[in-house]
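Engineer: upload_23.txt (compact mmCIF, C-alpha atoms) pasted underneath:
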```txt
# COMPACT_ATOMS: atom_id res chain seq x y z
CA MET E 1 57.97 -130.32 93.25
CA LEU E 2 55.54 -132.76 94.86
CA HIS E 3 54.84 -132.44 98.54
CA ARG E 4 53.61 -135.47 100.44
CA ALA E 5 51.06 -134.84 103.15
CA GLN E 6 52.68 -135.60 106.47
CA ARG E 7 50.94 -138.26 108.52
CA ARG E 8 50.07 -137.26 112.04
CA PRO E 9 52.32 -139.13 114.49
CA GLN E 10 50.63 -141.85 116.53
CA PHE E 11 51.34 -141.62 120.24
CA PHE E 12 51.25 -144.57 122.61
CA TYR E 13 51.02 -144.25 126.39
CA THR E 14 51.43 -146.64 129.31
CA THR E 15 48.84 -146.68 132.08
CA ALA E 16 49.57 -146.69 135.79
CA PRO E 17 49.59 -150.11 137.54
CA LEU E 18 46.18 -151.39 138.70
CA PRO E 19 45.03 -154.68 140.25
CA CYS E 20 44.71 -157.39 137.61
CA PRO E 21 41.05 -158.24 136.92
CA TYR E 22 41.90 -161.86 136.03
CA LEU E 23 44.64 -163.09 138.38
CA ALA E 24 44.62 -162.31 142.08
CA GLY E 25 47.73 -160.69 143.50
CA ARG E 26 49.02 -159.39 140.18
CA THR E 27 49.02 -155.91 138.70
CA GLU E 28 47.96 -154.77 135.27
CA ARG E 29 49.46 -152.18 132.96
CA LYS E 30 48.38 -151.34 129.43
CA VAL E 31 49.78 -149.55 126.43
CA VAL E 32 47.06 -147.40 124.88
CA THR E 33 46.59 -145.20 121.84
CA GLU E 34 43.74 -143.14 120.44
CA LEU E 35 41.75 -144.26 117.40
CA SER E 36 40.57 -141.16 115.61
CA GLY E 37 40.46 -139.37 112.28
CA PRO E 38 40.44 -140.85 108.79
CA GLU E 39 43.21 -143.31 109.68
CA GLY E 40 41.42 -144.66 112.74
CA GLU E 41 39.83 -147.69 111.11
CA ALA E 42 42.98 -148.78 109.25
CA LEU E 43 45.01 -148.36 112.44
CA HIS E 44 42.48 -150.46 114.35
CA ASP E 45 42.85 -153.23 111.76
CA ARG E 46 46.63 -153.25 112.08
CA LEU E 47 46.59 -153.12 115.86
CA SER E 48 44.00 -155.92 116.09
CA ARG E 49 46.32 -158.19 114.12
CA ALA E 50 49.06 -157.20 116.60
CA GLY E 51 46.98 -158.27 119.61
CA PHE E 52 45.34 -154.99 120.61
CA ARG E 53 41.72 -154.62 121.73
CA ARG E 54 39.33 -151.68 121.53
CA SER E 55 37.37 -149.81 124.19
CA HIS E 56 35.50 -146.67 123.08
CA ASN E 57 38.01 -144.81 120.86
CA ILE E 58 41.07 -146.35 122.54
CA ALA E 59 43.12 -149.36 121.45
CA TYR E 60 45.01 -151.15 124.21
CA ALA E 61 47.22 -154.14 124.93
CA PRO E 62 48.64 -155.52 128.21
CA VAL E 63 52.27 -154.76 129.05
CA CYS E 64 52.36 -156.18 132.56
CA PRO E 65 55.86 -156.47 134.08
CA GLY E 66 56.98 -160.08 134.38
CA CYS E 67 53.66 -161.54 133.18
CA GLN E 68 52.46 -162.67 129.75
CA SER E 69 49.31 -164.49 130.80
CA CYS E 70 46.96 -162.55 128.49
CA ILE E 71 47.29 -164.26 125.10
CA PRO E 72 45.46 -162.88 122.03
CA ILE E 73 43.31 -165.59 120.46
CA ARG E 74 41.24 -165.84 117.27
CA ILE E 75 39.10 -168.59 115.74
CA VAL E 76 40.00 -169.89 112.27
CA VAL E 77 36.57 -169.66 110.67
CA ASP E 78 36.91 -171.89 107.59
CA ASP E 79 38.15 -174.86 109.60
CA PHE E 80 35.91 -174.43 112.65
CA LYS E 81 33.54 -177.26 113.47
CA PRO E 82 31.20 -177.08 116.49
CA SER E 83 32.08 -179.55 119.25
CA ARG E 84 29.53 -181.78 120.91
CA THR E 85 29.11 -179.14 123.62
CA HIS E 86 28.60 -176.43 121.02
CA ARG E 87 25.96 -178.48 119.21
CA ARG E 88 24.16 -178.94 122.50
CA VAL E 89 24.16 -175.17 123.06
CA LEU E 90 22.75 -174.62 119.57
CA ARG E 91 19.95 -177.13 120.18
CA ALA E 92 19.08 -175.59 123.54
CA ASN E 93 18.75 -172.17 121.89
CA ALA E 94 17.20 -173.20 118.59
CA GLU E 95 14.34 -170.72 119.04
CA VAL E 96 16.62 -167.75 119.75
CA VAL E 97 16.77 -165.19 116.93
CA ALA E 98 19.95 -163.17 116.32
CA GLN E 99 19.54 -159.74 114.77
CA GLU E 100 22.23 -157.24 113.76
CA VAL E 101 21.33 -153.68 114.74
CA PRO E 102 23.21 -150.36 114.56
CA ALA E 103 25.47 -149.49 117.49
CA ARG E 104 22.86 -147.40 119.27
CA ALA E 105 22.16 -147.76 122.98
CA THR E 106 18.60 -148.46 124.10
CA ALA E 107 16.91 -148.56 127.49
CA GLU E 108 16.08 -152.22 126.91
CA GLN E 109 19.73 -153.11 126.34
CA PHE E 110 20.85 -151.13 129.36
CA ALA E 111 18.35 -152.84 131.66
CA LEU E 112 19.74 -156.22 130.58
CA PHE E 113 23.31 -154.93 130.90
CA GLN E 114 22.58 -153.83 134.48
CA ARG E 115 21.09 -157.20 135.44
CA TYR E 116 24.12 -158.96 134.00
CA GLN E 117 26.64 -156.74 135.79
CA ARG E 118 24.88 -156.99 139.16
CA ALA E 119 24.70 -160.79 138.92
CA ARG E 120 28.14 -161.50 137.43
CA HIS E 121 30.41 -158.55 138.18
CA ARG E 122 28.88 -156.80 141.17
CA ASP E 123 32.28 -155.60 142.43
CA GLY E 124 33.57 -154.52 139.03
CA ASP E 125 33.76 -150.96 137.70
CA MET E 126 31.13 -151.63 135.03
CA ALA E 127 28.49 -152.43 137.66
CA ALA E 128 28.39 -148.72 138.53
CA MET E 129 27.86 -147.55 134.95
CA GLY E 130 24.85 -145.35 134.26
CA PHE E 131 22.97 -145.18 130.97
CA TYR E 132 25.21 -142.44 129.56
CA ASP E 133 28.30 -144.53 130.36
CA TYR E 134 26.72 -147.48 128.59
CA ARG E 135 25.79 -145.34 125.61
CA ALA E 136 29.38 -144.12 125.35
CA MET E 137 30.62 -147.74 125.40
CA VAL E 138 28.34 -148.61 122.50
CA GLU E 139 28.36 -145.44 120.43
CA ASP E 140 31.70 -143.70 121.13
CA THR E 141 33.70 -145.37 118.39
CA PRO E 142 35.35 -144.39 115.10
CA ILE E 143 35.18 -148.03 114.01
CA THR E 144 32.50 -149.83 112.00
CA THR E 145 30.63 -151.45 114.86
CA MET E 146 27.32 -153.23 115.36
CA LEU E 147 25.29 -154.87 118.10
CA ILE E 148 23.97 -158.38 117.72
CA GLU E 149 20.82 -158.81 119.77
CA PHE E 150 19.58 -162.25 120.78
CA ARG E 151 15.83 -162.53 121.32
CA GLU E 152 13.35 -165.20 122.22
CA ALA E 153 9.57 -165.16 121.86
CA PRO E 154 7.71 -162.93 122.31
CA ASP E 155 10.54 -160.59 121.27
CA ARG E 156 12.35 -160.64 124.64
CA LEU E 157 15.98 -159.47 124.62
CA ILE E 158 18.13 -162.08 126.40
CA GLY E 159 21.63 -161.26 125.13
CA ALA E 160 23.74 -158.83 123.11
CA CYS E 161 27.24 -158.72 121.66
CA LEU E 162 29.02 -155.50 120.70
CA THR E 163 31.05 -156.42 117.61
CA ASP E 164 33.67 -154.65 115.48
CA TRP E 165 34.16 -155.28 111.77
CA LEU E 166 37.74 -155.83 110.64
CA LYS E 167 39.14 -156.41 107.18
CA ASP E 168 40.02 -159.97 108.17
CA GLY E 169 37.27 -160.82 110.62
CA LEU E 170 34.80 -159.93 113.34
CA SER E 171 35.93 -158.90 116.80
CA ALA E 172 33.80 -159.62 119.87
CA VAL E 173 34.18 -156.45 121.96
CA TYR E 174 31.76 -157.18 124.81
CA SER E 175 28.90 -159.61 125.42
CA TYR E 176 26.26 -159.69 128.12
CA PHE E 177 23.17 -161.81 128.63
CA GLU E 178 20.27 -162.64 130.92
CA PRO E 179 21.88 -163.94 134.14
CA ASP E 180 18.86 -166.13 134.90
CA HIS E 181 19.67 -168.11 131.74
CA ALA E 182 23.24 -169.02 132.69
CA GLY E 183 22.64 -172.70 131.96
CA ARG E 184 21.87 -171.92 128.32
CA SER E 185 25.45 -170.72 127.62
CA LEU E 186 24.35 -167.60 125.79
CA GLY E 187 27.93 -166.29 125.69
CA THR E 188 28.95 -169.40 123.76
CA LEU E 189 25.93 -168.95 121.50
CA ALA E 190 27.11 -165.42 120.67
CA ILE E 191 30.55 -166.68 119.61
CA LEU E 192 29.05 -169.46 117.50
CA HIS E 193 26.87 -166.89 115.76
CA LEU E 194 29.91 -164.68 115.06
CA VAL E 195 31.70 -167.65 113.49
CA GLU E 196 28.79 -168.37 111.15
CA ARG E 197 28.37 -164.69 110.31
CA ALA E 198 32.07 -164.36 109.49
CA ARG E 199 31.86 -167.48 107.34
CA ALA E 200 28.93 -166.02 105.39
CA LEU E 201 30.89 -162.79 104.87
CA GLY E 202 34.02 -164.62 103.73
CA LEU E 203 36.04 -163.33 106.68
CA PRO E 204 38.76 -165.68 107.97
CA TYR E 205 38.79 -164.94 111.71
CA VAL E 206 36.74 -164.19 114.79
CA TYR E 207 38.82 -162.33 117.38
CA LEU E 208 37.98 -163.25 120.98
CA GLY E 209 40.32 -160.92 122.83
CA TYR E 210 42.62 -162.43 125.45
CA TRP E 211 42.82 -166.03 126.54
CA VAL E 212 44.06 -166.30 130.13
CA PRO E 213 44.73 -170.02 130.81
CA GLN E 214 45.03 -169.53 134.58
CA SER E 215 41.71 -167.64 134.85
CA ALA E 216 38.56 -169.75 135.06
CA LYS E 217 36.41 -167.03 133.52
CA MET E 218 38.75 -166.58 130.54
CA ALA E 219 40.00 -170.13 129.92
CA TYR E 220 36.85 -171.14 127.99
CA LYS E 221 38.11 -169.39 124.85
CA ALA E 222 40.48 -172.26 124.11
CA GLY E 223 37.44 -174.50 123.56
CA PHE E 224 36.79 -173.03 120.11
CA ARG E 225 38.93 -175.00 117.66
CA PRO E 226 40.86 -174.57 115.54
CA SER E 227 42.16 -171.29 116.86
CA GLU E 228 45.37 -169.31 116.75
CA ILE E 229 47.25 -167.45 119.46
CA LEU E 230 49.66 -164.57 119.13
CA THR E 231 53.06 -165.30 120.67
CA GLN E 232 56.51 -163.90 119.94
CA GLY E 233 54.97 -161.47 117.45
CA ALA E 234 53.31 -164.08 115.20
CA TRP E 235 50.07 -166.08 115.09
CA HIS E 236 50.46 -169.81 115.73
CA PRO E 237 47.94 -172.67 115.92
CA LEU E 238 46.77 -173.43 119.44
CA ARG E 239 47.51 -177.09 120.07
CA ASP E 240 45.80 -179.16 122.77
CA GLY E 241 44.98 -176.08 124.84
CA VAL E 242 48.53 -175.93 126.23
CA PRO E 243 49.79 -172.35 126.59
CA PRO E 244 53.34 -171.44 125.61
CA MET E 245 55.76 -171.44 128.52
CA ALA E 246 56.08 -167.66 128.26
CA ALA E 247 52.49 -167.34 129.43
CA LEU E 248 53.28 -169.14 132.67
CA VAL E 249 56.02 -166.79 133.85
CA PRO E 250 55.00 -165.50 137.29
CA GLU E 251 54.98 -161.82 138.02
CA SER E 252 58.15 -160.54 139.58
CA VAL E 253 58.06 -159.38 143.17
CA GLY E 254 59.44 -156.07 144.33
```
Could the structure of this file be written out as structure tokens, please?

Structural biologist:
Amino acid sequence: MLHRAQRRPQFFYTTAPLPCPYLAGRTERKVVTELSGPEGEALHDRLSRAGFRRSHNIAYAPVCPGCQSCIPIRIVVDDFKPSRTHRRVLRANAEVVAQEVPARATAEQFALFQRYQRARHRDGDMAAMGFYDYRAMVEDTPITTMLIEFREAPDRLIGACLTDWLKDGLSAVYSYFEPDHAGRSLGTLAILHLVERARALGLPYVYLGYWVPQSAKMAYKAGFRPSEILTQGAWHPLRDGVPPMAALVPESVG
């Protein structure tokens, strides 16, 4: 008699309500699960296609009561063409060199990360991170992960993007850059690089996380076309930057 090895059950948990980091006056809740063991990478692939994101060895997705403003979004690589704004960003950063390096934290990266957090997110939780917290963010992962470093002469680090490899694409986990160079749109440059890298690898998508149309700091993601959004359990083309009506439902009171 053949005995099949039993698969370990996967447990999902819901977090306690916290203030929403994107929309004032709303609360945030997440469903989370651990990514570990030999099945961790395959699970991460499946969950990414279902709209989950990764932090350390945890996959999460928003389950906020009465609100569906966080919309998973991914760029369709084969059909993507840089806009006029994107071409301008590429010209402005023509001398910047992108280099893929292993997911290993360095003092140089952390110094840049600190400058970015203090300039852009001074009141956020990440601004208080020490080097060991940063190293955990970069290295504590069961997933195939890399860092893309962006450097300008003479070998100065001005940006970095923590990136996961998926079977069907690349996933931008977290980007940070030199705050003094805000006018150079280094965050946009990082996404454009991911698109070209995915194209070279024959991967169909670049996952950008959540598009939040009502949030100024998250609305930019709709500028990368063509892209798809996940609504009602399926991926659909994003048309004219107009979110589905479900995303505009206000949070219930009480």

Engineer: For segment 154-169 of chain E, please output as a ChimeraX atom specification all residues within 9 Å (counting all atoms listed in the file; exclusion window: fewer than 3 positions along the same chain).

Structural biologist: /E:41-42,44-45,48-49,54,77,96-98,103,108-109,112-113,138,143-151,172-179,181,186-187,190-191,194,198,201-207

Engineer: Quick one: residues within 12 Å of Ala136 of chain E, all atoms listed in the file, excluding same-chain residues fewer than 6 positions away - as an MDAnalysis selection string?

Structural biologist: chainID E and resid 55:57 103:106 110 129:130 142

Engineer: Rank E:Arg88, E:Tyr116, E:Thr15, E:Thr33 by their smallest atom-to-atom distance to Ala182 of chain E, using all atoms listed in the file, and report the top residue only.

Structural biologist: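 Closest candidate: E:Tyr116.
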
Engineer: In Å, with one decimal, what is the gap from atom CA of Asp123 of chain E to atom CA of Ala59 of chain E?

Structural biologist: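 Separating atom CA of Asp123 of chain E from atom CA of Ala59 of chain E is a distance of 24.4 Å.
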
Engineer: So the first atom is atom CA of Leu192 of chain E and the second is atom CA of Leu238 of chain E; what is the distance between them in Å, to one decimal place?

Structural biologist: 18.3 Å

Engineer: Between atom CA of Asp133 of chain E and atom CA of Gln114 of chain E, what distance in Å does the model show, to one decimal?

Structural biologist: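 Between atom CA of Asp133 of chain E and atom CA of Gln114 of chain E the gap works out to 11.7 Å.
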
Engineer: So which one's closest to Ala16 of chain E, E:Ala92, E:Ala111, E:Leu47, E:Val63? Using all atoms listed in the file, please.

Structural biologist: E:Val63

Engineer: What's the 9 Å shell around Lys30 of chain E, counting all atoms listed in the file, without same-chain residues fewer than 6 positions away, as a ChimeraX atom specification?

Structural biologist: /E:13-17,60-64

Engineer: Calculated over all atoms listed in the file, which of the candidates E:Gly25, E:Pro226, E:Gly233, E:Pro19 has the smallest distance to Val76 of chain E?

Structural biologist: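 The answer is E:Pro226, which sits nearest to Val76 of chain E.
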
Engineer: Nearest to Thr141 of chain E among E:Phe11, E:Gly37, E:Ser69, E:Lys221, with distances taken over all atoms listed in the file: which residue is it?

Structural biologist: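 Among the listed residues, E:Gly37 lies closest to Thr141 of chain E.
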
Engineer: Could I see segment 200-216 of chain E restored to N, CA, C and O atoms, set down as a PDB file, keeping the file's coordinate frame?

Structural biologist:
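Output (result-v3.pdb):
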```pdb
ATOM      1  N   ALA E 200      29.809-166.501 106.455  1.00  0.00           N
ATOM      2  CA  ALA E 200      28.930-166.020 105.390  1.00  0.00           C
ATOM      3  C   ALA E 200      29.514-164.794 104.690  1.00  0.00           C
ATOM      4  O   ALA E 200      29.281-164.578 103.495  1.00  0.00           O
ATOM      5  N   LEU E 201      30.282-163.994 105.430  1.00  0.00           N
ATOM      6  CA  LEU E 201      30.890-162.790 104.870  1.00  0.00           C
ATOM      7  C   LEU E 201      32.235-163.056 104.201  1.00  0.00           C
ATOM      8  O   LEU E 201      32.833-162.147 103.632  1.00  0.00           O
ATOM      9  N   GLY E 202      32.722-164.297 104.291  1.00  0.00           N
ATOM     10  CA  GLY E 202      34.020-164.620 103.730  1.00  0.00           C
ATOM     11  C   GLY E 202      35.184-164.076 104.518  1.00  0.00           C
ATOM     12  O   GLY E 202      36.278-163.867 103.966  1.00  0.00           O
ATOM     13  N   LEU E 203      34.984-163.853 105.817  1.00  0.00           N
ATOM     14  CA  LEU E 203      36.040-163.330 106.680  1.00  0.00           C
ATOM     15  C   LEU E 203      36.724-164.495 107.396  1.00  0.00           C
ATOM     16  O   LEU E 203      36.052-165.387 107.912  1.00  0.00           O
ATOM     17  N   PRO E 204      38.060-164.498 107.470  1.00  0.00           N
ATOM     18  CA  PRO E 204      38.760-165.680 107.970  1.00  0.00           C
ATOM     19  C   PRO E 204      38.816-165.862 109.479  1.00  0.00           C
ATOM     20  O   PRO E 204      39.079-166.965 109.952  1.00  0.00           O
ATOM     21  N   TYR E 205      38.565-164.808 110.276  1.00  0.00           N
ATOM     22  CA  TYR E 205      38.790-164.940 111.710  1.00  0.00           C
ATOM     23  C   TYR E 205      37.666-164.311 112.535  1.00  0.00           C
ATOM     24  O   TYR E 205      36.997-163.374 112.105  1.00  0.00           O
ATOM     25  N   VAL E 206      37.518-164.839 113.745  1.00  0.00           N
ATOM     26  CA  VAL E 206      36.740-164.190 114.790  1.00  0.00           C
ATOM     27  C   VAL E 206      37.696-163.961 115.954  1.00  0.00           C
ATOM     28  O   VAL E 206      38.258-164.916 116.510  1.00  0.00           O
ATOM     29  N   TYR E 207      37.894-162.700 116.304  1.00  0.00           N
ATOM     30  CA  TYR E 207      38.820-162.330 117.380  1.00  0.00           C
ATOM     31  C   TYR E 207      38.074-162.347 118.709  1.00  0.00           C
ATOM     32  O   TYR E 207      37.034-161.705 118.858  1.00  0.00           O
ATOM     33  N   LEU E 208      38.626-163.077 119.683  1.00  0.00           N
ATOM     34  CA  LEU E 208      37.980-163.250 120.980  1.00  0.00           C
ATOM     35  C   LEU E 208      38.651-162.464 122.103  1.00  0.00           C
ATOM     36  O   LEU E 208      38.266-162.614 123.265  1.00  0.00           O
ATOM     37  N   GLY E 209      39.631-161.667 121.769  1.00  0.00           N
ATOM     38  CA  GLY E 209      40.320-160.920 122.830  1.00  0.00           C
ATOM     39  C   GLY E 209      41.435-161.740 123.439  1.00  0.00           C
ATOM     40  O   GLY E 209      42.211-162.390 122.725  1.00  0.00           O
ATOM     41  N   TYR E 210      41.501-161.778 124.775  1.00  0.00           N
ATOM     42  CA  TYR E 210      42.620-162.430 125.450  1.00  0.00           C
ATOM     43  C   TYR E 210      42.184-163.726 126.119  1.00  0.00           C
ATOM     44  O   TYR E 210      41.194-163.779 126.846  1.00  0.00           O
ATOM     45  N   TRP E 211      42.948-164.750 125.839  1.00  0.00           N
ATOM     46  CA  TRP E 211      42.820-166.030 126.540  1.00  0.00           C
ATOM     47  C   TRP E 211      43.779-166.003 127.718  1.00  0.00           C
ATOM     48  O   TRP E 211      44.965-165.694 127.569  1.00  0.00           O
ATOM     49  N   VAL E 212      43.241-166.280 128.908  1.00  0.00           N
ATOM     50  CA  VAL E 212      44.060-166.300 130.130  1.00  0.00           C
ATOM     51  C   VAL E 212      43.936-167.710 130.714  1.00  0.00           C
ATOM     52  O   VAL E 212      42.972-168.007 131.421  1.00  0.00           O
ATOM     53  N   PRO E 213      44.870-168.606 130.409  1.00  0.00           N
ATOM     54  CA  PRO E 213      44.730-170.020 130.810  1.00  0.00           C
ATOM     55  C   PRO E 213      44.523-170.218 132.303  1.00  0.00           C
ATOM     56  O   PRO E 213      43.816-171.137 132.712  1.00  0.00           O
ATOM     57  N   GLN E 214      45.126-169.346 133.130  1.00  0.00           N
ATOM     58  CA  GLN E 214      45.030-169.530 134.580  1.00  0.00           C
ATOM     59  C   GLN E 214      43.755-168.935 135.172  1.00  0.00           C
ATOM     60  O   GLN E 214      43.509-169.071 136.367  1.00  0.00           O
ATOM     61  N   SER E 215      42.943-168.265 134.368  1.00  0.00           N
ATOM     62  CA  SER E 215      41.710-167.640 134.850  1.00  0.00           C
ATOM     63  C   SER E 215      40.511-168.462 134.416  1.00  0.00           C
ATOM     64  O   SER E 215      40.289-168.669 133.224  1.00  0.00           O
ATOM     65  N   ALA E 216      39.715-168.897 135.376  1.00  0.00           N
ATOM     66  CA  ALA E 216      38.560-169.750 135.060  1.00  0.00           C
ATOM     67  C   ALA E 216      37.579-169.043 134.139  1.00  0.00           C
ATOM     68  O   ALA E 216      36.993-169.664 133.247  1.00  0.00           O
TER      69      ALA E 216
END
```
